[in-house]
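I have placed the structure first, in the form of structure tokens, so that the comments after it can refer back to it.
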Amino acid sequence: KNALRQQDRLLSYSEVQGEADLREVLCDYVREKRNVIASPNQVVVGAGVQNLLYILCSLIKDRQTVSFPDDSFYQGMSLFKNFGYDVHTRYKDADIIYVSPSHMTNYGDVMPIKRRLELVSYSEKMGSIVIEDDYDNDFLYQTRPTPSLYALSNAGNVVYMGSFSNVLIPGIRISFMVLTSELAKEFIKNKDK
């Protein structure tokens, strides 16, 4: 009801980064659920992960190689290929490492904490950017969620991505990403161009 009463906002274009109110709520949500501590300026809201990856590719164009866990990430792989990246699977020395720690395989395997710490440590040492796609973390019922890579990283090299497609109606397609502070500055500088 409140949203419908705000006709000036309802009939106009939204902010490029996503509505400020929504970004603030998302910051509270990911801090409480995944220990991802970020400011609303670091959050970008989009209509699906593919759109957010498109934005992210334009921000990290100085990188050359990207690695995915396996060939099942074909949409993300083709998007990075279209941007001219050298795409690999299971290549630990890539400039960009795309992982989905809460749902590593089709069987729903979760990345153990030991492996998460190794990945964070190695990526910090190598200067790699890690894209953490955490789309399925809301469906852990039997156990407590394992810490996000974003929360474990001290180097500020992890981009956290989440989606509400599995929780809400899939047609709504609300996804978000939490950029590193460096990438957030770059996004803000170029968002109106």
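Following the order of the structure tokens, first chain is A, next is B, and so on, with residues numbered from 1 inside each chain and ligands from 1 in the order they appear.
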Considering only C-alpha atoms, return as a PDB file with C-alpha atoms, in the first residue's frame whatever protein or nucleic-acid residues lie within 9 Å of A:Leu183, sequence-local ones (same chain, fewer than 2 positions apart) excluded.
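Just written: selection-v6.pdb:
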```pdb
ATOM      1  CA  GLN A  42      28.333  -1.181  -2.524  1.00  0.00           C
ATOM      2  CA  LEU A  56      30.531  -6.525 -13.397  1.00  0.00           C
ATOM      3  CA  LEU A  59      33.931  -2.890 -14.247  1.00  0.00           C
ATOM      4  CA  ILE A  60      36.714  -5.502 -14.280  1.00  0.00           C
ATOM      5  CA  VAL A 159      32.109  -9.814  -4.992  1.00  0.00           C
ATOM      6  CA  LEU A 179      30.846  -4.944  -4.814  1.00  0.00           C
ATOM      7  CA  THR A 180      34.236  -4.466  -3.233  1.00  0.00           C
ATOM      8  CA  SER A 181      34.808  -0.884  -2.119  1.00  0.00           C
ATOM      9  CA  LYS A 185      33.771   3.567  -6.440  1.00  0.00           C
ATOM     10  CA  GLU A 186      34.286   2.670 -10.102  1.00  0.00           C
ATOM     11  CA  PHE A 187      30.585   1.871 -10.541  1.00  0.00           C
ATOM     12  CA  ILE A 188      29.463   5.113  -8.906  1.00  0.00           C
TER      13      ILE A 188
END
```
**Which of A:Ser148, A:Asn51, A:Ser121, A:Ser100 sits closest to A:Phe73 [using only C-alpha atoms]** = A:Ser100
**Request:** Apply DSSP to the structure's backbone, then extract all residues of chain A labelled strand (DSSP E) and return them as a PyMOL selection string.
**Result:** chain A and resi 43-46+65-68+86-89+96-99+129-133+158-163+175-178
Which residues of stretch 41-154 of chain A come within 7 Å of stretch 13-33 of chain A, and what is each one's closest atom pair and distance in Å (one decimal), counting only C-alpha atoms, sorted by chain and residue number, as a Markdown table?
```
| residue | atom | partner | partner_atom | distance |
| --- | --- | --- | --- | --- |
| A:Val43 | CA | A:Arg23 | CA | 6.1 |
| A:Val44 | CA | A:Gln17 | CA | 4.9 |
| A:Val45 | CA | A:Gly18 | CA | 4.9 |
```
